[in-house]
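For reference, coords_37.txt (compact mmCIF, C-alpha atoms and all ligand atoms):
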```txt
# COMPACT_ATOMS: atom_id res chain seq x y z
CA MET Y 1 0.00 0.00 0.00
CA ASP Y 2 1.06 3.64 -0.42
CA PRO Y 3 3.40 4.87 2.34
CA ASP Y 4 0.92 7.54 3.47
CA TRP Y 5 -2.13 5.26 3.23
CA LEU Y 6 -4.46 5.42 6.23
CA PRO Y 7 -6.04 2.01 6.90
CA PHE Y 8 -9.66 1.79 8.01
CA HIS Y 9 -10.51 2.17 11.70
CA PRO Y 10 -9.52 -1.04 13.53
CA ASN Y 11 -12.31 -0.91 16.11
CA PRO Y 12 -15.11 1.52 15.32
CA SER Y 13 -17.61 2.36 18.05
CA LYS Y 14 -21.02 0.76 18.21
CA PRO Y 15 -23.63 3.26 16.95
CA THR Y 16 -25.90 4.58 19.66
CA ILE Y 17 -28.82 5.08 17.27
CA ASN Y 18 -31.04 2.27 16.05
CA LEU Y 19 -31.19 1.76 12.32
CA PRO Y 20 -34.49 0.77 10.70
CA LYS Y 21 -34.90 -2.84 9.69
CA GLY Y 22 -33.50 -3.54 6.24
CA ALA Y 23 -31.03 -0.62 6.29
CA VAL Y 24 -28.63 -0.47 3.34
CA ASP Y 25 -25.08 0.90 3.38
CA ALA Y 26 -25.29 2.14 -0.21
CA HIS Y 27 -21.69 3.22 -0.75
CA CYS Y 28 -18.75 1.06 0.27
CA HIS Y 29 -15.89 -0.77 -1.42
CA VAL Y 30 -13.85 -3.96 -1.35
CA PHE Y 31 -10.11 -3.82 -2.11
CA GLY Y 32 -8.38 -7.02 -3.14
CA PRO Y 33 -7.10 -9.00 -1.38
CA ALA Y 34 -4.30 -8.04 -3.76
CA ASN Y 35 -2.84 -11.54 -3.94
CA LYS Y 36 -6.16 -12.80 -5.32
CA PHE Y 37 -7.52 -9.72 -7.09
CA PRO Y 38 -4.55 -7.53 -8.09
CA PHE Y 39 -5.00 -3.78 -8.37
CA ALA Y 40 -5.12 -2.22 -11.85
CA PRO Y 41 -1.83 -1.14 -13.46
CA GLU Y 42 -3.34 2.29 -14.31
CA ARG Y 43 -4.42 3.00 -10.69
CA LYS Y 44 -3.57 6.30 -9.01
CA TYR Y 45 -3.21 4.85 -5.51
CA THR Y 46 -2.52 1.52 -3.87
CA PRO Y 47 -4.77 0.88 -0.88
CA CYS Y 48 -4.64 -1.63 1.95
CA ASP Y 49 -6.63 -4.81 1.43
CA ALA Y 50 -10.26 -4.45 2.53
CA SER Y 51 -11.87 -7.84 2.16
CA LYS Y 52 -15.47 -8.92 1.73
CA GLU Y 53 -15.28 -10.71 5.10
CA LYS Y 54 -14.29 -7.46 6.87
CA LEU Y 55 -17.02 -5.56 5.02
CA PHE Y 56 -19.75 -8.04 5.97
CA LYS Y 57 -18.55 -8.04 9.60
CA LEU Y 58 -18.73 -4.24 9.71
CA ARG Y 59 -22.21 -4.32 8.12
CA ASP Y 60 -23.48 -6.57 10.91
CA PHE Y 61 -21.67 -4.66 13.67
CA LEU Y 62 -23.10 -1.30 12.59
CA GLY Y 63 -26.64 -2.67 12.20
CA PHE Y 64 -27.04 -2.68 8.43
CA GLU Y 65 -28.65 -5.53 6.53
CA LYS Y 66 -27.29 -4.92 3.04
CA ASN Y 67 -24.52 -3.25 1.05
CA VAL Y 68 -24.17 -1.55 -2.28
CA ILE Y 69 -20.55 -2.00 -3.29
CA VAL Y 70 -18.97 0.49 -5.65
CA GLN Y 71 -16.08 -0.51 -7.88
CA ALA Y 72 -13.20 1.80 -6.90
CA SER Y 73 -10.70 3.25 -9.34
CA CYS Y 74 -7.81 1.17 -7.96
CA HIS Y 75 -9.42 -1.91 -9.56
CA GLY Y 76 -9.91 -0.19 -12.91
CA THR Y 77 -12.38 -2.03 -15.14
CA ASN Y 78 -11.66 -5.45 -13.66
CA ASN Y 79 -14.73 -6.15 -11.52
CA GLU Y 80 -13.66 -9.60 -10.25
CA ALA Y 81 -13.29 -8.63 -6.58
CA LEU Y 82 -16.71 -6.95 -6.73
CA GLU Y 83 -18.31 -9.92 -8.46
CA ASP Y 84 -16.80 -12.37 -6.00
CA THR Y 85 -18.18 -10.31 -3.11
CA LEU Y 86 -21.66 -10.08 -4.63
CA LEU Y 87 -21.78 -13.82 -5.26
CA SER Y 88 -20.92 -14.62 -1.65
CA SER Y 89 -23.34 -12.09 -0.16
CA ASN Y 90 -26.47 -14.22 -0.03
CA ASP Y 91 -28.34 -11.61 -2.07
CA LEU Y 92 -27.49 -9.02 0.58
CA ALA Y 93 -25.29 -6.96 -1.75
CA ARG Y 94 -25.64 -5.17 -5.05
CA GLY Y 95 -22.89 -3.65 -7.14
CA VAL Y 96 -21.86 -0.64 -9.18
CA ALA Y 97 -19.29 -1.66 -11.80
CA VAL Y 98 -16.81 0.22 -13.95
CA VAL Y 99 -16.65 -1.11 -17.49
CA SER Y 100 -14.67 -0.41 -20.64
CA PRO Y 101 -16.35 0.35 -23.99
CA GLN Y 102 -15.22 -3.10 -25.12
CA VAL Y 103 -17.42 -4.81 -22.52
CA THR Y 104 -19.47 -7.57 -24.13
CA LYS Y 105 -23.15 -8.37 -23.69
CA ALA Y 106 -22.09 -11.67 -22.10
CA ASP Y 107 -19.94 -9.79 -19.52
CA LEU Y 108 -22.81 -7.44 -18.71
CA ASN Y 109 -25.27 -10.27 -18.36
CA ARG Y 110 -22.89 -12.08 -16.01
CA LEU Y 111 -22.45 -8.92 -13.91
CA ASP Y 112 -26.22 -8.41 -13.86
CA GLU Y 113 -26.70 -11.99 -12.71
CA ALA Y 114 -24.18 -11.40 -9.90
CA GLY Y 115 -26.09 -8.30 -8.71
CA VAL Y 116 -24.62 -5.32 -10.55
CA ARG Y 117 -27.25 -2.65 -11.21
CA ALA Y 118 -25.21 0.37 -12.32
CA VAL Y 119 -21.98 1.62 -13.83
CA ARG Y 120 -19.88 4.42 -12.42
CA PHE Y 121 -18.51 7.33 -14.43
CA ASN Y 122 -15.65 8.96 -12.55
CA PHE Y 123 -14.65 12.56 -13.35
CA VAL Y 124 -12.35 13.18 -10.38
CA LYS Y 125 -9.00 14.02 -11.92
CA ARG Y 126 -6.81 12.76 -9.09
CA LEU Y 127 -8.43 9.30 -9.42
CA VAL Y 128 -8.69 8.58 -13.14
CA ASP Y 129 -7.45 9.58 -16.58
CA ASN Y 130 -9.92 11.48 -18.72
CA THR Y 131 -12.52 9.38 -20.56
CA PRO Y 132 -13.96 10.93 -23.75
CA ARG Y 133 -17.70 11.64 -23.50
CA GLU Y 134 -18.44 9.48 -26.57
CA ILE Y 135 -17.14 6.48 -24.68
CA PHE Y 136 -19.37 7.18 -21.70
CA GLN Y 137 -22.30 7.71 -24.12
CA LYS Y 138 -21.65 4.34 -25.70
CA ILE Y 139 -21.50 2.55 -22.35
CA ALA Y 140 -24.63 4.37 -21.18
CA LYS Y 141 -26.57 3.18 -24.19
CA THR Y 142 -25.52 -0.43 -23.64
CA ILE Y 143 -26.33 -0.58 -19.95
CA ALA Y 144 -29.65 1.26 -20.31
CA ASP Y 145 -31.02 -1.86 -22.03
CA LEU Y 146 -30.43 -3.80 -18.81
CA GLY Y 147 -32.39 -1.29 -16.72
CA TRP Y 148 -29.20 -0.19 -14.93
CA HIS Y 149 -28.44 3.39 -13.90
CA ILE Y 150 -25.30 5.53 -13.79
CA VAL Y 151 -23.42 6.69 -10.71
CA VAL Y 152 -21.24 9.76 -11.22
CA TYR Y 153 -18.39 10.99 -9.10
CA LEU Y 154 -17.37 14.58 -9.64
CA GLU Y 155 -16.39 17.72 -7.78
CA ALA Y 156 -18.65 20.77 -7.43
CA GLN Y 157 -16.47 23.03 -9.57
CA ASP Y 158 -16.86 20.66 -12.55
CA LEU Y 159 -20.64 20.30 -12.32
CA GLU Y 160 -21.76 23.24 -14.46
CA GLU Y 161 -19.76 22.17 -17.49
CA LEU Y 162 -21.05 18.59 -17.19
CA ILE Y 163 -24.77 19.38 -16.88
CA PRO Y 164 -25.73 19.10 -20.59
CA PHE Y 165 -23.88 15.79 -20.81
CA LEU Y 166 -25.49 14.41 -17.65
CA LYS Y 167 -28.95 15.47 -18.81
CA SER Y 168 -28.36 13.70 -22.13
CA LEU Y 169 -27.67 10.32 -20.52
CA PRO Y 170 -30.53 7.84 -20.94
CA THR Y 171 -30.79 6.51 -17.37
CA ASP Y 172 -31.25 7.79 -13.84
CA ILE Y 173 -28.11 9.40 -12.44
CA VAL Y 174 -26.85 9.08 -8.87
CA PHE Y 175 -24.31 11.63 -7.60
CA ASP Y 176 -21.72 10.37 -5.18
CA HIS Y 177 -21.20 12.44 -2.04
CA MET Y 178 -23.62 15.24 -3.04
CA ALA Y 179 -21.25 16.13 -5.93
CA ARG Y 180 -18.71 17.21 -3.31
CA PRO Y 181 -19.86 20.72 -2.30
CA ASP Y 182 -17.24 23.16 -1.07
CA VAL Y 183 -18.30 23.66 2.53
CA SER Y 184 -16.33 26.90 2.85
CA LYS Y 185 -18.60 28.55 0.24
CA GLY Y 186 -21.68 27.89 2.34
CA LEU Y 187 -25.13 26.64 1.42
CA ASP Y 188 -25.79 29.49 -0.97
CA SER Y 189 -22.89 28.96 -3.39
CA MET Y 190 -23.47 29.05 -7.14
CA GLU Y 191 -22.40 25.39 -7.39
CA PHE Y 192 -24.66 24.09 -4.63
CA ASN Y 193 -27.61 26.05 -6.04
CA LEU Y 194 -26.97 24.50 -9.44
CA PHE Y 195 -26.85 21.10 -7.82
CA GLN Y 196 -30.18 21.65 -6.09
CA GLU Y 197 -31.71 22.81 -9.38
CA LEU Y 198 -30.63 19.54 -10.95
CA MET Y 199 -32.05 17.57 -8.05
CA GLU Y 200 -35.48 19.08 -8.83
CA ASN Y 201 -35.44 16.76 -11.86
CA ASN Y 202 -36.61 13.21 -10.99
CA LYS Y 203 -33.83 11.73 -13.07
CA PHE Y 204 -31.23 12.72 -10.47
CA TRP Y 205 -30.47 11.08 -7.14
CA CYS Y 206 -27.65 11.72 -4.67
CA LYS Y 207 -25.77 10.12 -1.82
CA THR Y 208 -25.74 12.30 1.27
CA SER Y 209 -22.48 10.72 2.31
CA CYS Y 210 -18.86 11.46 3.18
CA PRO Y 211 -18.98 14.17 5.85
CA GLU Y 212 -15.43 13.06 6.70
CA ARG Y 213 -14.18 14.09 3.23
CA LEU Y 214 -16.12 17.32 2.94
CA SER Y 215 -16.06 18.83 6.43
CA ARG Y 216 -13.33 21.27 7.40
CA GLU Y 217 -14.22 21.03 11.06
CA GLY Y 218 -13.59 17.31 11.35
CA PRO Y 219 -14.67 14.60 13.81
CA GLU Y 220 -14.01 16.62 16.98
CA GLN Y 221 -16.82 19.01 15.94
CA ASN Y 222 -18.90 16.06 14.70
CA TYR Y 223 -18.44 17.35 11.11
CA SER Y 224 -21.03 20.00 11.94
CA ASP Y 225 -20.20 22.36 9.04
CA ILE Y 226 -21.30 19.85 6.37
CA LEU Y 227 -24.41 18.55 8.13
CA PRO Y 228 -26.74 21.35 6.90
CA PHE Y 229 -25.94 20.37 3.29
CA MET Y 230 -26.81 16.75 3.99
CA ARG Y 231 -29.96 17.54 5.92
CA LEU Y 232 -31.27 19.97 3.31
CA LEU Y 233 -30.97 17.32 0.59
CA VAL Y 234 -32.52 14.59 2.74
CA GLU Y 235 -35.48 16.81 3.61
CA ASN Y 236 -36.06 18.28 0.14
CA TYR Y 237 -35.43 15.18 -1.96
CA SER Y 238 -36.38 12.47 0.48
CA ASP Y 239 -37.36 9.97 -2.24
CA ARG Y 240 -34.07 10.22 -4.15
CA VAL Y 241 -31.34 10.19 -1.52
CA LEU Y 242 -29.07 7.36 -0.43
CA TRP Y 243 -26.49 7.02 2.33
CA GLY Y 244 -23.29 5.04 2.70
CA THR Y 245 -20.29 4.68 4.98
CA ASP Y 246 -17.69 4.85 2.19
CA TRP Y 247 -15.75 2.15 4.07
CA PRO Y 248 -12.76 1.63 3.86
CA HIS Y 249 -12.50 5.39 3.23
CA PRO Y 250 -9.90 5.50 0.45
CA ASN Y 251 -7.48 8.42 0.24
CA MET Y 252 -8.37 9.98 3.57
CA LYS Y 253 -5.37 12.04 4.64
CA SER Y 254 -6.57 14.18 7.55
CA HIS Y 255 -7.89 11.34 9.75
CA MET Y 256 -9.63 7.98 9.59
CA PRO Y 257 -13.29 8.25 10.60
CA ASP Y 258 -14.96 6.08 13.21
CA ASP Y 259 -17.75 4.33 11.30
CA GLY Y 260 -19.95 4.30 14.41
CA GLN Y 261 -19.74 8.10 14.61
CA LEU Y 262 -20.67 8.37 10.92
CA VAL Y 263 -23.78 6.25 11.54
CA ASN Y 264 -24.81 8.38 14.54
CA ILE Y 265 -24.79 11.44 12.28
CA LEU Y 266 -27.88 9.99 10.59
CA ASP Y 267 -29.87 11.35 13.52
CA GLU Y 268 -28.79 14.87 12.54
CA ILE Y 269 -29.46 14.60 8.81
CA ALA Y 270 -32.57 12.40 8.84
CA PRO Y 271 -34.11 13.28 12.20
CA THR Y 272 -37.45 11.49 11.79
CA GLU Y 273 -38.08 7.76 11.45
CA GLU Y 274 -39.87 8.39 8.16
CA LEU Y 275 -36.82 10.13 6.66
CA LYS Y 276 -34.50 7.41 7.93
CA VAL Y 277 -36.66 4.66 6.40
CA LYS Y 278 -36.66 6.42 3.03
CA LEU Y 279 -32.94 7.17 3.07
CA LEU Y 280 -31.72 3.81 4.35
CA VAL Y 281 -34.36 1.29 3.29
CA GLU Y 282 -36.96 2.33 0.71
CA ASN Y 283 -34.80 4.33 -1.69
CA PRO Y 284 -31.86 1.90 -1.99
CA THR Y 285 -34.24 -1.06 -2.14
CA ARG Y 286 -36.18 0.51 -4.99
CA LEU Y 287 -33.03 1.33 -6.94
CA TYR Y 288 -30.99 -1.82 -6.32
CA TRP Y 289 -33.27 -4.70 -5.35
CA ASP Y 290 -36.64 -4.07 -6.99
CA HIS Y 291 -35.04 -3.82 -10.43
C1 LIG K 1 -14.90 7.13 -2.67
C2 LIG K 1 -13.99 8.25 -2.84
C3 LIG K 1 -12.73 8.22 -3.37
C4 LIG K 1 -12.18 7.17 -4.17
C5 LIG K 1 -12.83 6.45 -5.12
O1 LIG K 1 -12.94 5.09 -6.98
C6 LIG K 1 -12.20 5.57 -6.11
O2 LIG K 1 -11.00 5.37 -6.06
O3 LIG K 1 -14.13 6.53 -5.23
C7 LIG K 1 -11.89 9.40 -3.16
O4 LIG K 1 -10.66 9.28 -3.16
O5 LIG K 1 -12.45 10.51 -2.98
O6 LIG K 1 -16.08 7.27 -2.93
O7 LIG K 1 -14.43 6.10 -2.29
```

Encoded form using structure tokens:
Amino acid sequence: MDPDWLPFHPNPSKPTINLPKGAVDAHCHVFGPANKFPFAPERKYTPCDASKEKLFKLRDFLGFEKNVIVQASCHGTNNEALEDTLLSSNDLARGVAVVSPQVTKADLNRLDEAGVRAVRFNFVKRLVDNTPREIFQKIAKTIADLGWHIVVYLEAQDLEELIPFLKSLPTDIVFDHMARPDVSKGLDSMEFNLFQELMENNKFWCKTSCPERLSREGPEQNYSDILPFMRLLVENYSDRVLWGTDWPHPNMKSHMPDDGQLVNILDEIAPTEELKVKLLVENPTRLYWDH
């Protein structure tokens, strides 16, 4: 692993809030193990191993029932670790894959069978090389036939330029981590207003996740500066929001979050039982299991 890599928390605290039955951690990853599922040669970072066994143990410990596992850039377009995890999950996991334009119908059908329901388009420059839009368009067209959707990872400053492209895609779109708002610009920034305008359109969903990446205040202040962003989206778009731990928290440099603390934050951003059920159960179930 990279010399400055921060491994996931060795013993997170037990959440003090109760999660609703059937709760889904809708954004997490598996890494390797590298001796079985090597990382991609084109990767921008080399993480620690984060196995399916550790992920399932954390799921149970935190009180979740299911996972949505997102293919991370360090595995490139080789989805074998993801597929292996889905197949050993007892139908308790679904996947978001990353595929190349050469992907065959047979590959897609096999991934679908294993539990993949989406592809991810990554626009974060520190994580991936640029992919021409025509290639994403081609992939989008192919996966739309399967009833899959598209998950996009981008940063707030790149949103405006990408809007026409995102609107042109033929499936629902899910934004990772609220499209990474800049907390220092406040709730009323041009970028966050644009993002909310997009969210008015039923085609768009978002994950109200990753306070640990977006907060400037950090865990000592319970990430309080980013919580108003999360809560606003949960309250205003309650039928199209998802939540995830982001375990094992790749590329965190400032600190490694305690997953139990991240779960407790749900009480701040989804303060009623009704909002929690939508965010953690109904929405992810509709998108990943009812399809
Ligand atoms: C996340 C965030 C990050 C990494 C990746 O695919 C990835 O490598 O998504 C990040 O570094 O911000 O969602 O895991």

#### Entry: Spatial neighbours of stretch 78-84 of chain Y, 9 Å, all atoms listed in the file, chain gap at least 4 places, as a ChimeraX atom specification
/Y:29-33,36-40,51-52,69-71,88-89,95-99,111,114-116

#### Entry: Contact residues around stretch 254-259 of chain Y with only C-alpha atoms at 7 Å, ignoring same-chain residues under 5 positions, as a ChimeraX atom specification
/Y:6,8-9,12-13,212,245

#### Entry: Protein and nucleic residues near ligand LIG 1 (chain K), 9 Å, all atoms listed in the file, as a PyMOL selection string
chain Y and resi 27-29+43-45+70-76+120+122+124+126-128+153+176-177+209-210+213+246-252

Using all atoms of stretch 145-154 of chain Y listed in the file and a margin of 6 Å per side, can you give the axis-aligned box centre and edge lengths in Å to one decimal, as lines of an AutoDock Vina configuration file?
```
center_x = -24.9
center_y = 5.4
center_z = -15.6
size_x = 27.0
size_y = 30.4
size_z = 24.9
```

### Task
With a distance cut-off of 6 Å and all atoms listed in the file, select the neighbouring residues of Y:Cys206, excluding the residue or stretch itself and same-chain residues fewer than 4 positions from it, and output the selection as an MDAnalysis selection string.
chainID Y and resid 174:175 178 241

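Take atom CA of Y:Pro101 and atom CA of Y:Phe136: the distance between them is 7.8 Å.
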
### Task
Write out as a ChimeraX atom specification which residues come within 12 Å of Y:Ser224 when counting only C-alpha atoms, dropping same-chain ones fewer than 2 positions away.
/Y:183,211-212,214-222,226-231,262,265,268-269

### Query
Contacts of Y:Phe61 at 9 Å or less, counting only C-alpha atoms, minus same-chain residues fewer than 4 places along, as an MDAnalysis selection string?
chainID Y and resid 14:15 56:57
